[in-house]
$ cat structure17.cif   # mmCIF, C-alpha atoms
data_upload
#
loop_
_atom_site.group_PDB
_atom_site.id
_atom_site.type_symbol
_atom_site.label_atom_id
_atom_site.label_comp_id
_atom_site.auth_asym_id
_atom_site.auth_seq_id
_atom_site.Cartn_x
_atom_site.Cartn_y
_atom_site.Cartn_z
ATOM 1 C CA MET A 145 244.495 162.730 159.822
ATOM 2 C CA THR A 146 243.116 161.252 156.649
ATOM 3 C CA GLN A 147 241.438 157.877 157.166
ATOM 4 C CA GLY A 148 241.500 155.360 154.400
ATOM 5 C CA TYR A 149 240.298 151.823 154.021
ATOM 6 C CA THR A 150 241.384 148.496 152.574
ATOM 7 C CA ARG A 151 239.536 146.452 149.981
ATOM 8 C CA ALA A 152 240.253 143.723 147.454
ATOM 9 C CA ALA A 153 242.412 145.016 144.609
ATOM 10 C CA ARG A 154 240.875 145.369 141.140
ATOM 11 C CA TRP A 155 242.490 145.567 137.717
ATOM 12 C CA GLU A 156 241.276 149.147 137.319
ATOM 13 C CA ASP A 157 243.492 150.129 140.311
ATOM 14 C CA VAL A 158 246.699 149.261 138.452
ATOM 15 C CA PRO A 159 247.151 152.437 136.334
ATOM 16 C CA ALA A 160 246.824 154.836 139.287
ATOM 17 C CA LEU A 161 249.134 152.757 141.476
ATOM 18 C CA ALA A 162 251.761 152.346 138.767
ATOM 19 C CA ALA A 163 251.726 156.019 137.743
ATOM 20 C CA ASP A 164 252.631 157.348 141.213
ATOM 21 C CA MET A 165 254.721 154.532 142.702
ATOM 22 C CA ARG A 166 257.468 155.521 145.126
ATOM 23 C CA ASP A 167 260.888 155.738 143.460
ATOM 24 C CA ALA A 168 262.302 153.145 145.883
ATOM 25 C CA ASP A 169 259.532 150.685 144.955
ATOM 26 C CA VAL A 170 260.059 151.269 141.223
ATOM 27 C CA ALA A 171 263.776 150.629 141.697
ATOM 28 C CA GLU A 172 263.025 147.461 143.670
ATOM 29 C CA VAL A 173 260.732 145.886 141.043
ATOM 30 C CA GLN A 174 263.254 146.778 138.350
ATOM 31 C CA ALA A 175 266.128 145.245 140.298
ATOM 32 C CA TYR A 176 264.124 142.166 141.306
ATOM 33 C CA ALA A 177 262.468 141.207 138.032
ATOM 34 C CA ALA A 178 263.230 143.874 135.396
ATOM 35 C CA VAL A 179 259.532 144.759 135.098
ATOM 36 C CA ASP A 180 257.616 148.002 135.218
ATOM 37 C CA PRO A 181 255.313 148.786 138.165
ATOM 38 C CA ALA A 182 252.091 147.849 136.325
ATOM 39 C CA THR A 183 253.492 144.433 135.432
ATOM 40 C CA ALA A 184 254.650 143.829 139.017
ATOM 41 C CA ILE A 185 251.196 144.668 140.382
ATOM 42 C CA GLY A 186 249.556 142.481 137.727
ATOM 43 C CA ILE A 187 251.692 139.510 138.742
ATOM 44 C CA GLY A 188 250.420 139.879 142.287
ATOM 45 C CA LEU A 189 246.805 140.248 141.164
ATOM 46 C CA ARG A 190 246.974 137.078 139.085
ATOM 47 C CA ALA A 191 248.823 134.961 141.605
ATOM 48 C CA GLY A 192 247.318 135.401 145.062
ATOM 49 C CA VAL A 193 245.453 137.394 147.674
ATOM 50 C CA THR A 194 245.848 141.084 146.826
ATOM 51 C CA ASN A 195 244.427 144.089 148.684
ATOM 52 C CA VAL A 196 244.599 147.777 148.006
ATOM 53 C CA ILE A 197 244.701 150.645 150.492
ATOM 54 C CA CYS A 198 242.603 153.620 149.416
ATOM 55 C CA LEU A 199 242.056 157.214 150.375
ATOM 56 C CA PRO A 200 238.463 158.034 151.384
ATOM 57 C CA ASP A 201 237.702 159.024 147.755
ATOM 58 C CA ASP A 202 238.669 155.460 146.598
ATOM 59 C CA THR A 203 242.051 156.532 145.190
ATOM 60 C CA PRO A 204 244.395 153.538 145.590
ATOM 61 C CA VAL A 205 247.677 154.439 147.286
ATOM 62 C CA ALA A 206 249.247 151.057 148.083
ATOM 63 C CA VAL A 207 248.835 147.433 147.119
ATOM 64 C CA TYR A 208 249.926 144.348 149.025
ATOM 65 C CA GLY A 209 249.379 140.641 149.104
ATOM 66 C CA VAL A 210 250.609 137.092 149.425
ATOM 67 C CA THR A 211 251.390 134.857 146.479
ATOM 68 C CA PRO A 212 252.220 131.161 146.505
ATOM 69 C CA ALA A 213 255.875 130.412 147.075
ATOM 70 C CA PRO A 214 258.023 128.912 144.330
ATOM 71 C CA ALA A 215 258.989 125.258 144.498
ATOM 72 C CA GLY A 216 261.257 124.569 147.416
ATOM 73 C CA TYR A 217 259.646 127.210 149.636
ATOM 74 C CA ALA A 218 256.066 125.896 149.783
ATOM 75 C CA PRO A 219 253.899 125.979 151.833
ATOM 76 C CA ALA A 220 255.264 129.404 152.760
ATOM 77 C CA GLY A 221 253.762 132.462 151.099
ATOM 78 C CA CYS A 222 255.543 135.386 149.427
ATOM 79 C CA VAL A 223 254.427 138.631 151.037
ATOM 80 C CA TRP A 224 254.826 141.885 149.088
ATOM 81 C CA MET A 225 253.777 145.538 149.100
ATOM 82 C CA LEU A 226 254.173 148.475 146.721
ATOM 83 C CA ALA A 227 253.143 152.033 147.570
ATOM 84 C CA THR A 228 252.586 155.351 145.860
ATOM 85 C CA ASN A 229 253.882 158.723 146.973
ATOM 86 C CA GLU A 230 250.392 159.527 148.313
ATOM 87 C CA PHE A 231 250.579 156.599 150.724
ATOM 88 C CA ARG A 232 252.347 158.849 153.230
ATOM 89 C CA ARG A 233 248.924 160.407 153.927
ATOM 90 C CA LEU A 234 247.760 157.059 155.362
ATOM 91 C CA HIS A 235 250.899 155.485 156.774
ATOM 92 C CA ARG A 236 249.985 155.962 160.456
ATOM 93 C CA PRO A 237 246.451 154.508 160.213
ATOM 94 C CA PHE A 238 247.883 151.707 158.073
ATOM 95 C CA LEU A 239 250.493 150.853 160.706
ATOM 96 C CA ARG A 240 247.760 150.535 163.341
ATOM 97 C CA GLN A 241 245.903 147.993 161.175
ATOM 98 C CA CYS A 242 248.595 146.146 159.245
ATOM 99 C CA ARG A 243 249.409 143.475 161.836
ATOM 100 C CA ASP A 244 245.816 142.257 161.649
ATOM 101 C CA GLY A 245 245.928 142.570 157.860
ATOM 102 C CA LEU A 246 249.085 140.466 157.738
ATOM 103 C CA ARG A 247 247.395 137.697 159.723
ATOM 104 C CA GLU A 248 244.433 137.835 157.329
ATOM 105 C CA ILE A 249 246.397 137.604 154.074
ATOM 106 C CA GLY A 250 248.875 135.123 155.530
ATOM 107 C CA ALA A 251 246.194 132.693 156.675
ATOM 108 C CA GLY A 252 247.006 129.157 155.621
ATOM 109 C CA HIS A 253 250.748 129.775 155.357
ATOM 110 C CA PRO A 254 253.004 128.615 158.205
ATOM 111 C CA ALA A 255 255.545 131.268 157.195
ATOM 112 C CA LEU A 256 255.767 134.359 155.013
ATOM 113 C CA PHE A 257 258.963 135.416 153.277
ATOM 114 C CA ASN A 258 260.409 137.341 150.351
ATOM 115 C CA PHE A 259 263.408 139.418 149.308
ATOM 116 C CA THR A 260 263.752 143.205 149.520
ATOM 117 C CA ASP A 261 266.184 145.540 147.814
ATOM 118 C CA ALA A 262 268.955 146.391 150.276
ATOM 119 C CA ARG A 263 268.473 150.085 149.357
ATOM 120 C CA ASN A 264 264.774 150.192 150.388
ATOM 121 C CA GLU A 265 265.141 151.274 154.014
ATOM 122 C CA VAL A 266 261.459 152.176 154.410
ATOM 123 C CA HIS A 267 260.546 148.555 153.667
ATOM 124 C CA HIS A 268 263.152 147.295 156.141
ATOM 125 C CA ARG A 269 261.760 149.371 159.024
ATOM 126 C CA TRP A 270 258.189 148.269 158.226
ATOM 127 C CA LEU A 271 259.154 144.587 157.977
ATOM 128 C CA LYS A 272 260.997 144.704 161.318
ATOM 129 C CA TRP A 273 258.002 146.420 162.933
ATOM 130 C CA LEU A 274 255.773 143.588 161.634
ATOM 131 C CA GLY A 275 258.008 140.968 163.226
ATOM 132 C CA PHE A 276 259.925 139.749 160.184
ATOM 133 C CA SER A 277 263.547 138.684 160.564
ATOM 134 C CA PHE A 278 266.245 139.294 157.987
ATOM 135 C CA ILE A 279 267.955 135.958 157.511
ATOM 136 C CA LYS A 280 270.384 136.410 154.647
ATOM 137 C CA ARG A 281 271.992 139.089 152.503
ATOM 138 C CA HIS A 282 272.319 138.096 148.836
ATOM 139 C CA GLU A 283 275.019 140.242 147.219
ATOM 140 C CA ALA A 284 273.960 139.555 143.610
ATOM 141 C CA PHE A 285 270.217 138.871 143.386
ATOM 142 C CA GLY A 286 267.474 139.431 140.850
ATOM 143 C CA ALA A 287 267.525 140.779 137.335
ATOM 144 C CA GLU A 288 270.045 143.526 138.133
ATOM 145 C CA GLN A 289 272.200 141.347 140.417
ATOM 146 C CA ARG A 290 271.979 143.877 143.260
ATOM 147 C CA PRO A 291 272.171 143.268 147.012
ATOM 148 C CA PHE A 292 268.851 142.002 148.413
ATOM 149 C CA LEU A 293 267.852 140.948 151.911
ATOM 150 C CA GLU A 294 265.885 137.741 152.464
ATOM 151 C CA PHE A 295 263.304 137.982 155.249
ATOM 152 C CA VAL A 296 260.875 135.597 156.953
ATOM 153 C CA ARG A 297 258.208 135.479 159.643
ATOM 154 C CA ILE A 298 256.762 132.360 161.221
ATOM 155 C CA MET A 299 253.002 132.811 161.456
ATOM 156 C CA GLU A 300 250.996 131.912 164.550
ATOM 157 C CA ALA A 301 248.882 128.769 164.329
#

$ encode --input "structure17.cif" --output "C-alpha cells"
Amino acid sequence: MTQGYTRAARWEDVPALAADMRDADVAEVQAYAAVDPATAIGIGLRAGVTNVICLPDDTPVAVYGVTPAPAGYAPAGCVWMLATNEFRRLHRPFLRQCRDGLREIGAGHPALFNFTDARNEVHHRWLKWLGFSFIKRHEAFGAEQRPFLEFVRIMEA
C-alpha cells in the first residue's frame, strides 16, 4: 500500500490538484459557487488552515482545510476537502489518520460545518465516518440551485 503524508498546502500545489480533480468534486464546486477547481482551492488557501495530502514523491492528491464561518455561523469553522483521482491510492492510510487531522485543523472552533452536494455520495460516507451529522437538506442551494446537504459536528473541548 502506498504511504503518503500531509503537509501545509502551497500555491504551487494548485495546478496539479485542479488538473486531476474528481468529477464529483468538480461538479460540487461548480454547483456551490460556480467556480473552477483552481479558484475553489485558492479560496481555501487564502482564507484558513489548508493542508495537502501527498504521494511519497510529493505529488498532491487531496487538499482540505477549515475556513472562518460567514456571519451568523461564527465561531464555527467551515470544513472542506477536494480530491484528485489519484487520491484513491491513499484513501485507506488517510482514513486511519483523518480523525486526528480533523481535530488539528478544527482546533479553536466549537463546531465544524458546511454544505455538500447531494450527489457526492463519497463525501457523505466520509463525513458520517468522521462523526458529522446531516442536519438539513436544502433543495435549491448554491450557484446552480441544486440539492445540498448541510452537515455539522460539535468538536470536543

$ resolve_selection --input "structure17.cif" --expression "the PyMOL selection byres ((chain A and resi 222) around 8)" --output "list in words"
Val210, Thr211, Pro212, Ala213, Ala220, Gly221, Val223, Trp224, Leu256, Phe257 and Asn258 of chain A

$ write_last_selection --input "structure17.cif" --atoms "C-alpha atoms" --output "PDB file, keeping the file's coordinate frame"
ATOM      1  CA  VAL A 210     250.609 137.092 149.425  1.00  0.00           C
ATOM      2  CA  THR A 211     251.390 134.857 146.479  1.00  0.00           C
ATOM      3  CA  PRO A 212     252.220 131.161 146.505  1.00  0.00           C
ATOM      4  CA  ALA A 213     255.875 130.412 147.075  1.00  0.00           C
ATOM      5  CA  ALA A 220     255.264 129.404 152.760  1.00  0.00           C
ATOM      6  CA  GLY A 221     253.762 132.462 151.099  1.00  0.00           C
ATOM      7  CA  VAL A 223     254.427 138.631 151.037  1.00  0.00           C
ATOM      8  CA  TRP A 224     254.826 141.885 149.088  1.00  0.00           C
ATOM      9  CA  LEU A 256     255.767 134.359 155.013  1.00  0.00           C
ATOM     10  CA  PHE A 257     258.963 135.416 153.277  1.00  0.00           C
ATOM     11  CA  ASN A 258     260.409 137.341 150.351  1.00  0.00           C
TER      12      ASN A 258
END

$ closest_residue --input "structure17.cif" --among "A:Pro200, A:Met225, A:Leu161, A:Pro214" --to "Gly188 in chain A" --atoms "all atoms listed in the file"
A:Met225

$ atom_distance --input "structure17.cif" --atom1 "CA of Thr183 in chain A" --atom2 "CA of Ala251 in chain A"
25.3 Å

$ residues_around --input "structure17.cif" --residues "Val205 in chain A" --least-positions-apart "2" --cutoff "10 Å" --atoms "only C-alpha atoms" --output "count of residues only"
23

$ residues_near_point --input "structure17.cif" --point "(264.3, 147.9, 147.4)" --cutoff "8 Å" --atoms "all atoms listed in the file" --output "ChimeraX atom specification"
/A:168-169,171-173,175,260-265,267,292

$ axis_aligned_box --input "structure17.cif" --around "range 279-291 of chain A" --padding-each-side "3 Å" --output "lines of an AutoDock Vina configuration file"
center_x = 271.2
center_y = 139.9
center_z = 147.4
size_x = 13.5
size_y = 13.9
size_z = 26.2

$ closest_residue --input "structure17.cif" --among "A:Val170, A:Trp270, A:Tyr217, A:Gly252" --to "Ala184 in chain A" --atoms "only C-alpha atoms"
A:Val170

$ atom_distance --input "structure17.cif" --atom1 "CA of Ile185 in chain A" --atom2 "CA of Ala206 in chain A"
10.2 Å

$ closest_residue --input "structure17.cif" --among "A:Ala255, A:Val193, A:Tyr176, A:Arg151" --to "His282 in chain A" --atoms "only C-alpha atoms"
A:Tyr176

$ atom_distance --input "structure17.cif" --atom1 "CA of Trp155 in chain A" --atom2 "CA of Arg190 in chain A"
9.7 Å

$ closest_residue --input "structure17.cif" --among "A:Pro291, A:Tyr149, A:Tyr208, A:Ala178" --to "Pro237 in chain A" --atoms "all atoms listed in the file"
A:Tyr149

$ resolve_selection --input "structure17.cif" --expression "the PyMOL selection byres ((chain A and resi 277) around 12)" --output "MDAnalysis selection string"
chainID A and resid 255:260 268:276 278:281 293:298

$ decode --input "structure17.cif" --residues "range 150-195 of chain A" --atoms "N, CA and C atoms" --output "PDB file, in the first residue's frame"
ATOM      1  N   THR A 150       1.017  14.250   4.929  1.00  0.00           N
ATOM      2  CA  THR A 150       0.277  15.510   4.918  1.00  0.00           C
ATOM      3  C   THR A 150       1.228  16.640   5.272  1.00  0.00           C
ATOM      4  N   ARG A 151       1.055  17.758   4.601  1.00  0.00           N
ATOM      5  CA  ARG A 151       1.848  18.952   4.880  1.00  0.00           C
ATOM      6  C   ARG A 151       0.990  20.181   4.606  1.00  0.00           C
ATOM      7  N   ALA A 152       1.493  21.338   4.976  1.00  0.00           N
ATOM      8  CA  ALA A 152       0.775  22.579   4.672  1.00  0.00           C
ATOM      9  C   ALA A 152       0.699  22.745   3.157  1.00  0.00           C
ATOM     10  N   ALA A 153      -0.441  23.181   2.679  1.00  0.00           N
ATOM     11  CA  ALA A 153      -0.632  23.401   1.241  1.00  0.00           C
ATOM     12  C   ALA A 153       0.160  24.626   0.794  1.00  0.00           C
ATOM     13  N   ARG A 154       0.603  24.589  -0.459  1.00  0.00           N
ATOM     14  CA  ARG A 154       1.348  25.702  -1.063  1.00  0.00           C
ATOM     15  C   ARG A 154       0.663  26.065  -2.378  1.00  0.00           C
ATOM     16  N   TRP A 155       0.861  27.310  -2.791  1.00  0.00           N
ATOM     17  CA  TRP A 155       0.257  27.762  -4.050  1.00  0.00           C
ATOM     18  C   TRP A 155       0.689  26.912  -5.234  1.00  0.00           C
ATOM     19  N   GLU A 156       1.904  26.413  -5.218  1.00  0.00           N
ATOM     20  CA  GLU A 156       2.370  25.598  -6.352  1.00  0.00           C
ATOM     21  C   GLU A 156       1.673  24.237  -6.424  1.00  0.00           C
ATOM     22  N   ASP A 157       0.914  23.845  -5.399  1.00  0.00           N
ATOM     23  CA  ASP A 157       0.131  22.604  -5.435  1.00  0.00           C
ATOM     24  C   ASP A 157      -1.145  22.742  -6.270  1.00  0.00           C
ATOM     25  N   VAL A 158      -1.632  23.951  -6.422  1.00  0.00           N
ATOM     26  CA  VAL A 158      -2.945  24.185  -7.026  1.00  0.00           C
ATOM     27  C   VAL A 158      -3.069  23.618  -8.437  1.00  0.00           C
ATOM     28  N   PRO A 159      -2.129  23.853  -9.355  1.00  0.00           N
ATOM     29  CA  PRO A 159      -2.327  23.330 -10.723  1.00  0.00           C
ATOM     30  C   PRO A 159      -2.495  21.810 -10.792  1.00  0.00           C
ATOM     31  N   ALA A 160      -1.667  21.070 -10.057  1.00  0.00           N
ATOM     32  CA  ALA A 160      -1.763  19.605 -10.096  1.00  0.00           C
ATOM     33  C   ALA A 160      -3.082  19.119  -9.501  1.00  0.00           C
ATOM     34  N   LEU A 161      -3.501  19.724  -8.401  1.00  0.00           N
ATOM     35  CA  LEU A 161      -4.767  19.347  -7.780  1.00  0.00           C
ATOM     36  C   LEU A 161      -5.946  19.649  -8.698  1.00  0.00           C
ATOM     37  N   ALA A 162      -5.960  20.824  -9.268  1.00  0.00           N
ATOM     38  CA  ALA A 162      -7.069  21.247 -10.125  1.00  0.00           C
ATOM     39  C   ALA A 162      -7.151  20.421 -11.405  1.00  0.00           C
ATOM     40  N   ALA A 163      -6.019  20.035 -11.957  1.00  0.00           N
ATOM     41  CA  ALA A 163      -5.989  19.330 -13.239  1.00  0.00           C
ATOM     42  C   ALA A 163      -6.563  17.914 -13.169  1.00  0.00           C
ATOM     43  N   ASP A 164      -6.511  17.286 -11.982  1.00  0.00           N
ATOM     44  CA  ASP A 164      -6.939  15.889 -11.867  1.00  0.00           C
ATOM     45  C   ASP A 164      -8.045  15.701 -10.834  1.00  0.00           C
ATOM     46  N   MET A 165      -8.803  16.756 -10.537  1.00  0.00           N
ATOM     47  CA  MET A 165      -9.834  16.665  -9.513  1.00  0.00           C
ATOM     48  C   MET A 165     -10.932  15.685  -9.913  1.00  0.00           C
ATOM     49  N   ARG A 166     -11.408  14.944  -8.927  1.00  0.00           N
ATOM     50  CA  ARG A 166     -12.513  14.004  -9.142  1.00  0.00           C
ATOM     51  C   ARG A 166     -13.703  14.724  -9.773  1.00  0.00           C
ATOM     52  N   ASP A 167     -14.384  14.057 -10.696  1.00  0.00           N
ATOM     53  CA  ASP A 167     -15.544  14.653 -11.358  1.00  0.00           C
ATOM     54  C   ASP A 167     -16.594  15.121 -10.346  1.00  0.00           C
ATOM     55  N   ALA A 168     -16.831  14.313  -9.306  1.00  0.00           N
ATOM     56  CA  ALA A 168     -17.844  14.690  -8.309  1.00  0.00           C
ATOM     57  C   ALA A 168     -17.447  15.968  -7.575  1.00  0.00           C
ATOM     58  N   ASP A 169     -16.147  16.164  -7.332  1.00  0.00           N
ATOM     59  CA  ASP A 169     -15.691  17.373  -6.648  1.00  0.00           C
ATOM     60  C   ASP A 169     -15.765  18.590  -7.570  1.00  0.00           C
ATOM     61  N   VAL A 170     -15.457  18.387  -8.852  1.00  0.00           N
ATOM     62  CA  VAL A 170     -15.603  19.481  -9.825  1.00  0.00           C
ATOM     63  C   VAL A 170     -17.068  19.903  -9.895  1.00  0.00           C
ATOM     64  N   ALA A 171     -17.961  18.934  -9.975  1.00  0.00           N
ATOM     65  CA  ALA A 171     -19.391  19.236 -10.035  1.00  0.00           C
ATOM     66  C   ALA A 171     -19.842  19.967  -8.775  1.00  0.00           C
ATOM     67  N   GLU A 172     -19.302  19.576  -7.619  1.00  0.00           N
ATOM     68  CA  GLU A 172     -19.703  20.215  -6.369  1.00  0.00           C
ATOM     69  C   GLU A 172     -19.260  21.678  -6.302  1.00  0.00           C
ATOM     70  N   VAL A 173     -18.011  21.981  -6.689  1.00  0.00           N
ATOM     71  CA  VAL A 173     -17.581  23.390  -6.620  1.00  0.00           C
ATOM     72  C   VAL A 173     -18.321  24.236  -7.655  1.00  0.00           C
ATOM     73  N   GLN A 174     -18.651  23.641  -8.785  1.00  0.00           N
ATOM     74  CA  GLN A 174     -19.458  24.358  -9.775  1.00  0.00           C
ATOM     75  C   GLN A 174     -20.846  24.651  -9.230  1.00  0.00           C
ATOM     76  N   ALA A 175     -21.487  23.656  -8.655  1.00  0.00           N
ATOM     77  CA  ALA A 175     -22.836  23.817  -8.134  1.00  0.00           C
ATOM     78  C   ALA A 175     -22.872  24.758  -6.932  1.00  0.00           C
ATOM     79  N   TYR A 176     -21.855  24.721  -6.104  1.00  0.00           N
ATOM     80  CA  TYR A 176     -21.806  25.527  -4.888  1.00  0.00           C
ATOM     81  C   TYR A 176     -21.545  26.996  -5.191  1.00  0.00           C
ATOM     82  N   ALA A 177     -20.499  27.246  -6.001  1.00  0.00           N
ATOM     83  CA  ALA A 177     -20.065  28.644  -6.167  1.00  0.00           C
ATOM     84  C   ALA A 177     -19.793  29.051  -7.611  1.00  0.00           C
ATOM     85  N   ALA A 178     -20.061  28.179  -8.567  1.00  0.00           N
ATOM     86  CA  ALA A 178     -19.811  28.480  -9.982  1.00  0.00           C
ATOM     87  C   ALA A 178     -18.361  28.899 -10.227  1.00  0.00           C
ATOM     88  N   VAL A 179     -17.421  28.154  -9.608  1.00  0.00           N
ATOM     89  CA  VAL A 179     -16.000  28.426  -9.812  1.00  0.00           C
ATOM     90  C   VAL A 179     -15.316  27.164 -10.307  1.00  0.00           C
ATOM     91  N   ASP A 180     -14.153  27.355 -10.902  1.00  0.00           N
ATOM     92  CA  ASP A 180     -13.360  26.216 -11.343  1.00  0.00           C
ATOM     93  C   ASP A 180     -12.574  25.672 -10.148  1.00  0.00           C
ATOM     94  N   PRO A 181     -12.019  24.453 -10.270  1.00  0.00           N
ATOM     95  CA  PRO A 181     -11.303  23.852  -9.155  1.00  0.00           C
ATOM     96  C   PRO A 181     -10.140  24.704  -8.616  1.00  0.00           C
ATOM     97  N   ALA A 182      -9.360  25.307  -9.489  1.00  0.00           N
ATOM     98  CA  ALA A 182      -8.223  26.120  -9.021  1.00  0.00           C
ATOM     99  C   ALA A 182      -8.698  27.291  -8.171  1.00  0.00           C
ATOM    100  N   THR A 183      -9.776  27.925  -8.566  1.00  0.00           N
ATOM    101  CA  THR A 183     -10.322  29.040  -7.794  1.00  0.00           C
ATOM    102  C   THR A 183     -10.824  28.554  -6.440  1.00  0.00           C
ATOM    103  N   ALA A 184     -11.508  27.425  -6.408  1.00  0.00           N
ATOM    104  CA  ALA A 184     -12.015  26.878  -5.146  1.00  0.00           C
ATOM    105  C   ALA A 184     -10.861  26.588  -4.180  1.00  0.00           C
ATOM    106  N   ILE A 185      -9.807  25.979  -4.673  1.00  0.00           N
ATOM    107  CA  ILE A 185      -8.650  25.683  -3.824  1.00  0.00           C
ATOM    108  C   ILE A 185      -8.006  26.988  -3.339  1.00  0.00           C
ATOM    109  N   GLY A 186      -7.893  27.953  -4.230  1.00  0.00           N
ATOM    110  CA  GLY A 186      -7.307  29.249  -3.865  1.00  0.00           C
ATOM    111  C   GLY A 186      -8.084  29.959  -2.775  1.00  0.00           C
ATOM    112  N   ILE A 187      -9.399  29.852  -2.812  1.00  0.00           N
ATOM    113  CA  ILE A 187     -10.227  30.457  -1.760  1.00  0.00           C
ATOM    114  C   ILE A 187      -9.858  29.847  -0.411  1.00  0.00           C
ATOM    115  N   GLY A 188      -9.724  28.543  -0.382  1.00  0.00           N
ATOM    116  CA  GLY A 188      -9.337  27.872   0.856  1.00  0.00           C
ATOM    117  C   GLY A 188      -7.948  28.262   1.323  1.00  0.00           C
ATOM    118  N   LEU A 189      -7.004  28.354   0.389  1.00  0.00           N
ATOM    119  CA  LEU A 189      -5.638  28.750   0.753  1.00  0.00           C
ATOM    120  C   LEU A 189      -5.582  30.148   1.356  1.00  0.00           C
ATOM    121  N   ARG A 190      -6.348  31.054   0.804  1.00  0.00           N
ATOM    122  CA  ARG A 190      -6.348  32.438   1.293  1.00  0.00           C
ATOM    123  C   ARG A 190      -7.042  32.590   2.635  1.00  0.00           C
ATOM    124  N   ALA A 191      -8.040  31.753   2.888  1.00  0.00           N
ATOM    125  CA  ALA A 191      -8.958  32.025   3.989  1.00  0.00           C
ATOM    126  C   ALA A 191      -8.674  31.299   5.303  1.00  0.00           C
ATOM    127  N   GLY A 192      -7.942  30.203   5.298  1.00  0.00           N
ATOM    128  CA  GLY A 192      -7.816  29.472   6.557  1.00  0.00           C
ATOM    129  C   GLY A 192      -6.692  28.472   6.568  1.00  0.00           C
ATOM    130  N   VAL A 193      -6.810  27.505   7.464  1.00  0.00           N
ATOM    131  CA  VAL A 193      -5.836  26.430   7.604  1.00  0.00           C
ATOM    132  C   VAL A 193      -6.063  25.452   6.458  1.00  0.00           C
ATOM    133  N   THR A 194      -5.044  25.216   5.650  1.00  0.00           N
ATOM    134  CA  THR A 194      -5.186  24.335   4.492  1.00  0.00           C
ATOM    135  C   THR A 194      -4.004  23.372   4.434  1.00  0.00           C
ATOM    136  N   ASN A 195      -4.304  22.084   4.342  1.00  0.00           N
ATOM    137  CA  ASN A 195      -3.288  21.045   4.227  1.00  0.00           C
ATOM    138  C   ASN A 195      -3.476  20.299   2.918  1.00  0.00           C
TER     139      ASN A 195
END
